[in-house]
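Student: Below you will find the structure I want to go over with you.
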Amino acid sequence: MPSAPPPPPHRRWTTGFVLMWAGRFLIPMNFYLLMTVMALCAMERFGTDEALAGVATSAFIVGAVLARLLTGKYMELLGRRRVLYAALGYRGMYVAVVALGLVYYAAVPGARARRGRA
């Protein structure tokens with residue numbers, strides 16, 4: 001009796017795998033790079049001392065951890081799709097507020113002078 005041909009090899013590097021790996025690699029990398037630069041930026045731009053810059057960075061980290069814990073809880077309670085839509089709505093409101101701030105800053109005469117810039 002002839003032996004059956006071996007099964008075809010399983011492809012590991014599919015498009016979905018590469019995209020998932022890139023997302024799982026780049027998002028935490030962005031977070032950690034932001035953490036290393038945040039304290040330096042706070043000291044240079046806002047003139048704070050090292051302790052206050054460290055507190056700001058620590059508050060950001062604690063907020064990120066709490067947000068991840070709450071998001072996981074609400075994903076189980078409300079469903080993933082609803083949480084995704086809520087996050088997208090929040091992001092849309094954030095973008096709108098930033099856009100309005102930029103328009104105000106660019107359009108209102110004297111807005112730069114009030115911040116101490118000419």
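By convention here, the chains of the structure tokens are called A, B, ... in the order presented, each chain's residues are numbered starting at 1, and ligands are numbered starting at 1 in the order presented.
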List every residue of region 50-90 of chain A that has an atom at most 7 Å from any atom of region 24-46 of chain A, giving for each one its closest atom pair and the distance in Å to one decimal, counting only C-alpha atoms, sorted by chain and then by ascending residue number, as CSV.

Tutor:
residue,atom,partner,partner_atom,distance
A:Glu50,CA,A:Met43,CA,6.8
A:Ala53,CA,A:Ala39,CA,4.7
A:Gly54,CA,A:Ala39,CA,6.0
A:Thr57,CA,A:Ala39,CA,6.2

Student: Please save C-alpha atoms of the selected residues as a CSV table (one decimal), in the first residue's frame.

Tutor:
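Okay, part-v4.csv is ready:
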chain,number,residue,atom,x,y,z
A,50,GLU,CA,13.3,66.6,37.3
A,53,ALA,CA,8.8,65.8,35.2
A,54,GLY,CA,9.1,62.3,36.8
A,57,THR,CA,5.6,60.6,33.5

Student: Dump as a tab-separated table the rows for residues of region 11-71 of chain A within 12 Å of region 83-91 of chain A: closest atom pair and distance in Å with one decimal, only C-alpha atoms counted, ordered by chain and rising residue number.

Tutor:
residue	atom	partner	partner_atom	distance
A:Ala67	CA	A:Ala87	CA	11.5
A:Leu70	CA	A:Val83	CA	10.8
A:Thr71	CA	A:Val83	CA	7.7

Student: For the structure I just gave you, how does DSSP split chain A - specifically, which residues are helix (DSSP H, G or I)? Reply as a PyMOL selection string.

Tutor: chain A and resi 15-46+50-78+80-107+111-114
